[in-house]
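*Asks:* For reference, this is data-v3.txt, and it has compact mmCIF, C-alpha atoms.
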# COMPACT_ATOMS: atom_id res chain seq x y z
CA MET A 557 -4.89 26.71 -10.64
CA ALA A 558 -6.34 23.38 -11.55
CA MET A 559 -4.51 20.54 -9.93
CA HIS A 560 -2.74 18.17 -12.17
CA PRO A 561 -3.91 14.58 -11.38
CA MET A 562 -0.30 13.45 -11.27
CA GLU A 563 0.80 16.14 -8.87
CA GLN A 564 -0.22 14.01 -5.89
CA PHE A 565 2.46 11.49 -6.80
CA GLU A 566 5.32 13.97 -6.73
CA VAL A 567 7.98 13.27 -4.18
CA ARG A 568 9.10 16.66 -2.85
CA PRO A 569 11.66 17.35 -0.16
CA LEU A 570 10.12 18.86 2.93
CA ILE A 571 13.56 19.96 4.13
CA GLU A 572 15.30 21.86 1.37
CA HIS A 573 18.76 20.57 2.15
CA PRO A 574 19.71 16.93 1.78
CA LEU A 575 20.15 15.20 5.11
CA PHE A 576 23.28 13.38 3.98
CA GLN A 577 24.64 11.48 1.04
CA ILE A 578 24.88 7.79 0.40
CA ALA A 579 27.21 6.78 -2.43
CA GLY A 580 26.91 10.24 -3.93
CA HIS A 581 23.08 10.28 -3.78
CA ASN A 582 21.38 13.02 -1.80
CA ILE A 583 18.95 11.73 0.80
CA TYR A 584 16.08 14.12 1.46
CA PHE A 585 13.32 14.05 3.99
CA THR A 586 10.39 14.15 1.57
CA ASN A 587 6.61 14.25 1.84
CA GLN A 588 6.75 10.53 1.16
CA SER A 589 9.25 10.00 3.99
CA LEU A 590 6.89 11.86 6.31
CA PHE A 591 4.02 9.57 5.40
CA MET A 592 6.15 6.44 5.73
CA VAL A 593 7.07 7.61 9.23
CA ILE A 594 3.42 8.35 10.01
CA VAL A 595 2.29 4.99 8.65
CA VAL A 596 4.91 3.04 10.56
CA ALA A 597 4.25 5.00 13.75
CA ALA A 598 0.50 4.40 13.42
CA ALA A 599 1.01 0.71 12.68
CA SER A 600 3.41 0.30 15.60
CA LEU A 601 1.02 2.06 17.96
CA PHE A 602 -1.88 0.02 16.62
CA LEU A 603 -0.06 -3.26 17.13
CA THR A 604 1.43 -2.48 20.54
CA LEU A 605 -0.98 -0.12 22.30
CA ALA A 606 -4.01 -2.08 21.15
CA MET A 607 -2.60 -5.06 22.96
CA GLY A 608 -1.67 -2.97 25.97
CA GLY A 609 -4.15 -4.61 28.27
CA GLY A 610 -3.72 -8.02 26.72
CA ARG A 611 -7.22 -8.63 27.94
CA MET A 612 -8.90 -12.00 27.89
CA VAL A 613 -12.01 -10.45 26.35
CA PRO A 614 -10.48 -8.07 23.81
CA SER A 615 -11.46 -4.48 23.24
CA ARG A 616 -12.38 -3.47 19.70
CA VAL A 617 -8.90 -2.29 18.78
CA GLN A 618 -7.28 -5.30 20.42
CA SER A 619 -9.66 -7.55 18.56
CA MET A 620 -8.66 -5.89 15.26
CA ALA A 621 -4.97 -6.36 16.02
CA GLU A 622 -5.58 -10.01 16.91
CA MET A 623 -7.70 -10.53 13.82
CA SER A 624 -4.98 -9.15 11.53
CA TYR A 625 -2.44 -11.36 13.31
CA GLU A 626 -4.52 -14.51 12.95
CA PHE A 627 -5.51 -13.58 9.40
CA VAL A 628 -1.87 -13.45 8.32
CA ALA A 629 -0.94 -16.51 10.39
CA ASN A 630 -3.70 -18.55 8.74
CA MET A 631 -2.73 -17.22 5.34
CA ILE A 632 0.88 -18.33 5.80
CA HIS A 633 -0.17 -21.65 7.26
CA SER A 634 -2.52 -22.48 4.41
CA SER A 635 -0.22 -21.36 1.59
CA ALA A 636 3.28 -22.17 2.91
CA GLY A 637 2.69 -24.75 5.61
CA ASP A 638 4.15 -24.98 9.10
CA ASP A 639 7.73 -24.03 8.24
CA GLY A 640 6.42 -20.93 6.49
CA LEU A 641 5.52 -19.60 9.94
CA LYS A 642 9.21 -18.83 10.51
CA PHE A 643 8.68 -15.95 8.10
CA PHE A 644 5.64 -14.69 9.98
CA PRO A 645 7.26 -11.46 11.26
CA PHE A 646 8.39 -10.50 7.78
CA ILE A 647 5.13 -11.32 6.03
CA PHE A 648 3.06 -9.73 8.77
CA THR A 649 5.20 -6.59 8.55
CA THR A 650 4.82 -6.55 4.77
CA PHE A 651 1.06 -6.96 5.00
CA ILE A 652 0.63 -4.29 7.68
CA PHE A 653 3.02 -1.90 5.93
CA VAL A 654 1.30 -2.17 2.56
CA LEU A 655 -2.18 -2.12 4.11
CA PHE A 656 -1.47 0.97 6.20
CA CYS A 657 0.24 2.75 3.30
CA ASN A 658 -2.75 2.01 1.06
CA VAL A 659 -5.35 3.01 3.63
CA PHE A 660 -3.53 6.14 4.77
CA GLY A 661 -3.27 7.11 1.13
CA MET A 662 -7.07 7.28 1.06
CA VAL A 663 -7.03 10.25 3.41
CA PRO A 664 -7.35 13.43 1.33
CA TRP A 665 -4.10 15.44 0.92
CA SER A 666 -2.09 12.48 2.14
CA PHE A 667 0.61 10.78 0.12
CA THR A 668 0.18 7.21 -1.05
CA VAL A 669 3.53 5.59 -0.38
CA THR A 670 2.67 2.45 -2.37
CA SER A 671 1.88 4.48 -5.50
CA GLN A 672 5.62 4.75 -6.12
CA ILE A 673 7.20 2.10 -8.29
CA ALA A 674 10.49 2.59 -6.44
CA ILE A 675 8.86 1.46 -3.18
CA THR A 676 6.96 -1.52 -4.58
CA PHE A 677 9.88 -2.60 -6.73
CA ALA A 678 12.33 -2.38 -3.83
CA MET A 679 10.04 -4.49 -1.69
CA THR A 680 9.52 -7.01 -4.47
CA ALA A 681 13.24 -7.19 -5.18
CA PHE A 682 13.88 -7.88 -1.52
CA ILE A 683 11.19 -10.58 -1.44
CA ILE A 684 12.45 -12.33 -4.58
CA SER A 685 16.05 -12.16 -3.29
CA MET A 686 14.88 -13.62 -0.01
CA VAL A 687 13.07 -16.42 -1.85
CA ILE A 688 16.23 -17.24 -3.80
CA VAL A 689 18.43 -17.16 -0.68
CA VAL A 690 15.98 -19.29 1.32
CA GLY A 691 15.69 -21.72 -1.58
CA PHE A 692 19.44 -22.21 -1.91
CA MET A 693 19.88 -22.44 1.87
CA LYS A 694 17.25 -25.11 2.19
CA HIS A 695 17.87 -27.18 -0.94
CA GLY A 696 21.37 -26.18 -2.06
CA LEU A 697 21.70 -26.54 -5.80
CA GLY A 698 18.55 -28.67 -5.71
CA PHE A 699 16.68 -25.39 -5.64
CA LEU A 700 17.38 -25.15 -9.38
CA LYS A 701 14.93 -28.03 -9.83
CA LEU A 702 12.29 -25.34 -9.35
CA PHE A 703 12.98 -24.39 -12.97
CA VAL A 704 12.76 -27.97 -14.25
CA PRO A 705 9.18 -29.22 -14.56
CA HIS A 706 8.36 -32.90 -15.00
CA ALA A 707 8.51 -33.26 -18.76
CA PRO A 708 10.48 -35.13 -21.46
CA TRP A 709 13.97 -33.73 -22.09
CA TYR A 710 13.17 -32.26 -25.49
CA LEU A 711 10.41 -30.15 -23.95
CA LEU A 712 12.72 -29.04 -21.17
CA ILE A 713 14.82 -27.15 -23.70
CA LEU A 714 11.79 -24.98 -24.17
CA LEU A 715 10.29 -25.12 -20.68
CA VAL A 716 13.33 -24.32 -18.55
CA PRO A 717 13.88 -20.86 -20.09
CA ILE A 718 10.16 -20.18 -19.73
CA GLU A 719 10.26 -21.15 -16.07
CA VAL A 720 13.29 -18.94 -15.47
CA ILE A 721 11.66 -16.02 -17.25
CA SER A 722 8.38 -16.50 -15.39
CA PHE A 723 10.26 -16.60 -12.09
CA PHE A 724 11.93 -13.27 -12.73
CA THR A 725 8.80 -11.76 -14.24
CA ARG A 726 7.43 -11.85 -10.73
CA LEU A 727 9.71 -8.91 -9.99
CA VAL A 728 7.63 -6.89 -12.41
CA SER A 729 4.22 -8.41 -11.82
CA LEU A 730 4.31 -8.17 -8.02
CA SER A 731 5.62 -4.62 -7.95
CA VAL A 732 3.62 -3.20 -10.85
CA ARG A 733 0.35 -4.75 -9.66
CA LEU A 734 0.42 -2.83 -6.37
CA PHE A 735 1.91 0.33 -7.85
CA ALA A 736 -0.51 0.48 -10.79
CA ASN A 737 -3.57 -0.24 -8.67
CA MET A 738 -2.82 2.54 -6.25
CA LEU A 739 -1.72 4.94 -8.97
CA ALA A 740 -4.78 4.33 -11.14
CA GLY A 741 -7.27 4.66 -8.29
CA HIS A 742 -5.81 7.89 -6.99
CA THR A 743 -5.47 9.35 -10.47
CA MET A 744 -9.12 8.58 -11.12
CA LEU A 745 -10.11 10.27 -7.86
CA ALA A 746 -8.07 13.33 -8.76
CA VAL A 747 -9.56 13.48 -12.27
CA PHE A 748 -13.12 13.36 -10.93
CA ALA A 749 -12.22 15.89 -8.26
CA GLY A 750 -10.95 18.11 -11.08
CA PHE A 751 -14.33 17.76 -12.84
CA VAL A 752 -16.13 18.83 -9.67
CA VAL A 753 -13.96 21.93 -9.38
CA MET A 754 -14.28 22.79 -13.07
CA LEU A 755 -18.08 22.36 -13.15
CA GLY A 756 -18.46 24.18 -9.87
CA ALA A 757 -16.41 27.09 -11.12
CA ALA A 758 -18.36 27.22 -14.39
CA GLY A 759 -21.41 28.53 -12.53
CA GLY A 760 -25.09 28.30 -13.34
CA ILE A 761 -26.58 24.94 -14.32
CA LEU A 762 -23.13 23.41 -14.59
CA SER A 763 -22.54 23.95 -10.88
CA ILE A 764 -25.50 21.72 -10.16
CA LEU A 765 -24.16 19.10 -12.55
CA SER A 766 -21.00 18.87 -10.46
CA ILE A 767 -22.93 16.60 -8.11
CA GLY A 768 -22.42 13.82 -10.72
CA PRO A 769 -18.63 13.53 -10.46
CA MET A 770 -18.97 14.13 -6.72
CA LEU A 771 -21.07 10.98 -6.37
CA MET A 772 -18.58 9.17 -8.58
CA ILE A 773 -15.81 10.16 -6.15
CA VAL A 774 -17.79 8.63 -3.28
CA ALA A 775 -18.27 5.41 -5.23
CA ILE A 776 -14.63 5.22 -6.33
CA MET A 777 -13.56 5.99 -2.77
CA MET A 778 -15.39 2.90 -1.53
CA LEU A 779 -13.95 0.82 -4.35
CA GLU A 780 -10.48 2.13 -3.53
CA LEU A 781 -10.86 1.14 0.11
CA LEU A 782 -11.59 -2.38 -1.07
CA VAL A 783 -8.63 -2.24 -3.46
CA ALA A 784 -6.40 -0.95 -0.65
CA PHE A 785 -7.15 -4.00 1.45
CA LEU A 786 -7.23 -6.42 -1.46
CA GLN A 787 -3.85 -5.36 -2.84
CA ALA A 788 -2.24 -5.65 0.58
CA TYR A 789 -3.71 -9.14 0.82
CA VAL A 790 -2.61 -10.10 -2.69
CA PHE A 791 0.89 -8.78 -2.07
CA ALA A 792 1.20 -10.75 1.16
CA ILE A 793 -0.27 -13.99 -0.15
CA LEU A 794 1.92 -13.94 -3.27
CA THR A 795 4.91 -13.50 -0.98
CA CYS A 796 3.71 -16.59 0.89
CA ILE A 797 3.27 -18.55 -2.32
CA TYR A 798 6.76 -17.65 -3.57
CA LEU A 799 8.21 -18.61 -0.19
CA ASN A 800 6.31 -21.87 -0.32
CA GLU A 801 8.00 -22.68 -3.62
CA ALA A 802 11.38 -21.92 -2.13
CA LEU A 803 10.63 -24.11 0.88
CA HIS A 804 8.95 -27.03 -0.83
CA LEU A 805 9.90 -26.66 -4.53
CA HIS A 806 7.09 -28.17 -6.57
CA ASP A 807 5.79 -30.56 -3.89
CA GLN A 808 2.72 -29.78 -2.01
CA HIS A 809 3.47 -28.88 1.57
CA MET D 1157 0.21 24.50 -17.37
CA ILE D 1158 3.73 23.21 -17.77
CA ASP D 1159 6.16 25.85 -16.78
CA PRO D 1160 9.01 25.98 -19.33
CA GLY D 1161 11.41 26.69 -16.48
CA THR D 1162 10.70 23.40 -14.82
CA MET D 1163 10.95 21.60 -18.11
CA ASN D 1164 14.64 22.35 -17.98
CA ALA D 1165 15.03 20.77 -14.59
CA THR D 1166 17.53 18.03 -15.01
CA THR D 1167 16.94 14.66 -13.50
CA LYS D 1168 19.92 15.33 -11.25
CA GLN D 1169 18.07 17.73 -8.99
CA PRO D 1170 14.30 17.68 -9.42
CA ALA D 1171 14.00 16.49 -5.86
CA SER D 1172 14.52 20.11 -4.93
CA HIS D 1173 12.22 21.35 -7.71
CA GLU D 1174 8.55 21.26 -8.52
CA GLY D 1175 9.29 18.52 -11.00
CA SER D 1176 6.00 18.58 -12.89
CA GLY D 1177 5.62 17.57 -16.47
CA GLY D 1178 7.17 14.13 -16.19
CA PHE D 1179 5.59 11.08 -14.71
CA PRO D 1180 6.44 11.54 -11.02
CA PRO D 1181 6.80 7.86 -10.06
CA PHE D 1182 9.43 7.41 -12.78
CA ASP D 1183 11.52 10.33 -11.55
CA THR D 1184 14.67 8.39 -10.73
CA SER D 1185 16.25 11.25 -8.79
CA THR D 1186 13.85 10.58 -5.93
CA PHE D 1187 14.64 6.87 -5.79
CA PRO D 1188 17.56 7.00 -3.34
CA SER D 1189 15.50 8.94 -0.79
CA GLN D 1190 12.51 6.69 -1.29
CA ILE D 1191 14.49 3.50 -0.84
CA PHE D 1192 16.44 4.87 2.11
CA TRP D 1193 13.27 5.78 4.00
CA LEU D 1194 11.60 2.54 2.98
CA VAL D 1195 14.46 0.57 4.49
CA VAL D 1196 14.45 2.66 7.67
CA THR D 1197 10.70 2.62 8.26
CA PHE D 1198 10.15 -0.97 7.16
CA ALA D 1199 13.02 -2.19 9.33
CA PHE D 1200 11.59 -0.28 12.28
CA LEU D 1201 8.16 -1.82 11.79
CA PHE D 1202 9.74 -5.23 11.31
CA VAL D 1203 11.56 -4.97 14.62
CA VAL D 1204 8.38 -3.79 16.35
CA VAL D 1205 6.41 -6.72 14.93
CA TRP D 1206 9.17 -9.26 15.50
CA ARG D 1207 10.21 -8.27 19.01
CA VAL D 1208 7.20 -6.55 20.60
CA ALA D 1209 3.85 -6.80 18.88
CA GLY D 1210 4.11 -10.35 17.53
CA PRO D 1211 5.08 -12.05 20.80
CA ARG D 1212 2.57 -9.95 22.70
CA ILE D 1213 -0.37 -10.75 20.41
CA ASN D 1214 0.71 -14.38 20.24
CA GLY D 1215 0.94 -14.49 24.03
CA VAL D 1216 -2.56 -13.12 24.47
CA ILE D 1217 -4.03 -15.46 21.87
CA THR D 1218 -2.24 -18.48 23.35
CA THR D 1219 -3.27 -17.57 26.89
CA ARG D 1220 -6.85 -17.18 25.80
CA ARG D 1221 -6.82 -20.46 23.88
CA ASN D 1222 -5.36 -22.29 26.88
CA LYS D 1223 -7.87 -20.68 29.19
CA ILE D 1224 -10.76 -21.63 26.92
CA ASN D 1225 -9.49 -25.19 26.51
CA GLY D 1226 -8.93 -25.46 30.28
CA ASP D 1227 -12.42 -24.16 30.95
CA ILE D 1228 -13.91 -26.57 28.45
CA ALA D 1229 -12.02 -29.48 30.03
CA GLU D 1230 -13.21 -28.42 33.46
CA ALA D 1231 -16.77 -28.10 32.25
CA GLN D 1232 -16.46 -31.55 30.65
CA LYS D 1233 -15.28 -32.93 33.98
CA HIS D 1234 -18.14 -31.31 35.86
CA ARG D 1235 -20.53 -32.68 33.33
CA SER D 1236 -19.23 -36.24 33.61
CA ASP D 1237 -19.34 -35.88 37.40
CA ALA D 1238 -22.93 -34.75 37.19
CA GLU D 1239 -23.75 -37.61 34.85
CA ALA D 1240 -22.15 -40.12 37.21
CA ALA D 1241 -24.07 -38.66 40.14
CA SER D 1242 -27.26 -38.81 38.12
CA ALA D 1243 -26.60 -42.45 37.23
CA ALA D 1244 -25.91 -43.29 40.88
CA TYR D 1245 -29.10 -41.55 41.88
CA GLN D 1246 -31.05 -43.49 39.27
CA THR D 1247 -29.60 -46.78 40.53
CA ALA D 1248 -30.36 -45.90 44.14
CA LEU D 1249 -33.86 -44.84 43.16
CA ALA D 1250 -34.48 -48.08 41.27
CA GLY D 1251 -33.18 -50.11 44.24
CA ALA D 1252 -35.36 -48.22 46.68
CA ARG D 1253 -38.35 -48.65 44.42
CA ALA D 1254 -37.74 -52.41 44.15
CA ARG D 1255 -37.42 -52.70 47.93
CA ALA D 1256 -40.57 -50.66 48.44
CA ASN D 1257 -42.44 -52.87 45.97
CA ALA D 1258 -41.22 -56.04 47.69
CA HIS D 1259 -42.20 -54.68 51.07
CA ALA D 1260 -45.64 -53.65 49.82
CA GLU D 1261 -46.16 -57.05 48.23
CA GLU D 1262 -45.15 -58.81 51.43
CA THR D 1263 -47.45 -56.63 53.52
CA ARG D 1264 -50.27 -57.16 51.11
CA LYS D 1265 -49.82 -60.96 51.30
CA ARG D 1266 -49.64 -60.90 55.07
CA ILE D 1267 -52.75 -58.78 55.34
CA ALA D 1268 -54.57 -61.00 52.82
CA GLY D 1269 -53.64 -64.04 54.90
CA GLU D 1270 -54.92 -62.38 58.08
CA ILE D 1271 -58.12 -61.40 56.36
CA ASP D 1272 -58.62 -64.97 55.10
CA LYS D 1273 -58.01 -66.34 58.56
CA ALA D 1274 -60.37 -63.87 60.18
CA LYS D 1275 -62.99 -64.62 57.56
CA ALA D 1276 -62.67 -68.36 58.17
CA ASP D 1277 -62.96 -67.83 61.91
CA ALA D 1278 -65.98 -65.65 61.44
CA ASP D 1279 -67.51 -68.23 59.11
CA ALA D 1280 -66.89 -70.97 61.64
CA ARG D 1281 -68.39 -68.90 64.41
CA ALA D 1282 -71.36 -68.08 62.26
CA HIS D 1283 -71.91 -71.76 61.41
CA GLU D 1284 -71.66 -72.70 65.08
CA ALA D 1285 -74.15 -69.99 66.04
CA THR D 1286 -76.53 -71.06 63.28
CA ALA D 1287 -76.37 -74.68 64.35
CA LYS D 1288 -76.92 -73.70 67.96
CA ALA D 1289 -79.88 -71.53 67.04
CA GLU D 1290 -81.38 -74.26 64.87
CA ALA D 1291 -81.00 -76.73 67.70
CA SER D 1292 -82.68 -74.40 70.13
CA ILE D 1293 -85.46 -73.77 67.63
CA GLN D 1294 -85.99 -77.50 67.32
CA ALA D 1295 -86.06 -77.85 71.08
CA MET D 1296 -88.45 -75.00 71.47
CA ARG D 1297 -90.68 -76.37 68.76
CA ALA D 1298 -90.76 -79.80 70.47
CA GLU D 1299 -91.43 -78.20 73.78
CA ALA D 1300 -94.18 -76.11 72.29
CA ARG D 1301 -95.72 -79.20 70.78
CA THR D 1302 -95.56 -81.04 74.12
CA SER D 1303 -97.06 -78.17 76.00
CA MET D 1304 -99.76 -77.83 73.40
CA THR D 1305 -100.59 -81.53 73.64
CA ASN D 1306 -100.72 -81.27 77.42
CA ALA D 1307 -102.94 -78.22 77.16
CA ALA D 1308 -105.24 -80.07 74.76
CA ARG D 1309 -105.35 -83.06 77.14
CA ASP D 1310 -106.16 -80.86 80.10
CA ALA D 1311 -108.73 -79.06 78.06
CA ALA D 1312 -110.21 -82.37 76.94
CA ILE D 1313 -110.38 -83.58 80.58
CA GLU D 1314 -112.04 -80.30 81.60
CA ILE D 1315 -114.48 -80.43 78.69
CA VAL D 1316 -115.43 -83.99 79.43
CA ALA D 1317 -115.81 -83.26 83.10
CA ARG D 1318 -118.06 -80.29 82.41
CA LEU D 1319 -120.17 -82.07 79.86
CA THR D 1320 -120.48 -85.43 81.47
CA GLY D 1321 -119.25 -85.01 84.98
CA GLU D 1322 -117.02 -87.92 84.43
CA THR D 1323 -113.46 -87.89 85.28
CA VAL D 1324 -111.25 -89.05 82.52
CA SER D 1325 -107.79 -90.20 83.32
CA ALA D 1326 -104.94 -88.25 81.97
CA GLU D 1327 -103.70 -91.21 80.00
CA ASP D 1328 -107.02 -91.69 78.21
CA ALA D 1329 -107.28 -88.05 77.47
CA ALA D 1330 -103.81 -87.99 76.08
CA ALA D 1331 -104.53 -90.98 73.89
CA ALA D 1332 -107.73 -89.35 72.64
CA VAL D 1333 -105.92 -86.12 71.86
CA LYS D 1334 -103.28 -88.02 70.08
CA ALA D 1335 -105.93 -89.97 68.14
CA GLY D 1336 -107.78 -86.82 67.19
CA ASN D 1337 -104.74 -85.03 66.24
Turn this file's structure into structure tokens for me.
*Replies:*
Amino acid sequence: MAMHPMEQFEVRPLIEHPLFQIAGHNIYFTNQSLFMVIVVAAASLFLTLAMGGGRMVPSRVQSMAEMSYEFVANMIHSSAGDDGLKFFPFIFTTFIFVLFCNVFGMVPWSFTVTSQIAITFAMTAFIISMVIVVGFMKHGLGFLKLFVPHAPWYLLILLVPIEVISFFTRLVSLSVRLFANMLAGHTMLAVFAGFVVMLGAAGGILSILSIGPMLMIVAIMMLELLVAFLQAYVFAILTCIYLNEALHLHDQH
Amino acid sequence: MIDPGTMNATTKQPASHEGSGGFPPFDTSTFPSQIFWLVVTFAFLFVVVWRVAGPRINGVITTRRNKINGDIAEAQKHRSDAEAASAAYQTALAGARARANAHAEETRKRIAGEIDKAKADADARAHEATAKAEASIQAMRAEARTSMTNAARDAAIEIVARLTGETVSAEDAAAAVKAGN
């Protein structure tokens, strides 16, 4: 049976019976749950075991862990300033989580956790809520100045609603960007994989032609690896930028 | 491809069905499970990063940075020490060279003085010897002349005696020699 390109995004329970209920909702242990556990276990092992020796001259794995650490630290420092570094654990976790989910999703037959809008939207909702809470904690009601650009009062009537809308649009843009990128890439891979199977099964000259979509899969695979890293980076740096706004309003840090 | 049986699956329970046909990411029945596991796994990773991995990586990086900075400072110190030693050596070398030059100059002057003195002495001795020799030459010449005159006088007396048998006095003979000279 030909695989449906969307089948890979189905969240199926691995254990038939719900584990328990929260507010009337059944909680299952699904294929996605399994991959989230795998991803988090791999990331935890990577970040702790790699540093096991804590050697002065790092091994390759240790060097990768240190590079990712410094990469995120520099990213926060350059986009949110010194006081942004308080949020380092959260942003580093976000970056590593998204990166590992994206990269593990590249493994054939795996499940791409970040290709689910529920996941990306939940993360985005948490980030935006955190930005709002941090903003009000730091500036009190002055945080509302974030929605008031420097402009004459008659323009503000127009601009303030736009600012408010654009602030909350981030909920959609941040979550859909990651979700759609992962979904589109994996759908494309599945479609081309379907072509390979169909041409291969057709027999004769068409079997030979199946090399075409096969090469396309290789190319898209490489592109998707880039996208996997890039989207993790974009997700993390946008989080930094939103936090920067909450910390410093419109001033430069 | 779409099984009519699964089309009837309500959104209440597709989590336990092969819920094909719809767009899987928008299947809201899976959302509670997704969000629950997201919270659990993300929180776990957060705690790992916050409490274990972050401090550990930071510790290693800080230790390394301190070590490198310490080493650089130490190397800087060694370098300035070496530069100071080199400067001291240069000064000492220049001093020694100046002293050696002064000493050589002094020696040269002293030797030149000695040579001049010795030369003057030698000159003086040579002059003295020359004068002495000239004097003796003069004396010898005079003596030779006297002895020659005497010989001529004696010869003249002998000649006269042989030719004439006369004896001529020495004084006459001497006067004649002197006149014929």
*Asks:* Between atom CA of Ile1191 of chain D and atom CA of Met679 of chain A, what is the distance in Å, rounded to a tenth?
*Replies:*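 So the answer is 9.2 Å.
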*Asks:* In Å, how far is it from atom CA of Thr1184 of chain D to atom CA of Leu734 of chain A?
*Replies:*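 It comes out at 18.7 Å.
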*Asks:* Give me, as number ranges by chain, all polymer residues having an atom no more than 9 Å from Ala1329 of chain D, counting only C-alpha atoms and skipping those fewer than 2 positions away in the same chain.
*Replies:* D: 1308-1310, 1312-1313, 1324-1327, 1331-1334
*Asks:* Counting only C-alpha atoms, which residues from chain A have an atom at most 8 Å from any atom of chain D, and could you show them as a ChimeraX atom specification?
*Replies:* /A:562-563,565-569,572,581-586,588-589,592-593,596,599-600,603-604,607,610-612,621-622,625,645-646,648-649,653,671-675,678
*Asks:* Identify, on the basis of all atoms listed in the file, every residue whose closest approach to Leu805 of chain A does not exceed 9 Å; exclude the query and any residue fewer than 6 positions from it along the same chain; express the result as a ChimeraX atom specification.
*Replies:* /A:691,695,698-699,701-702
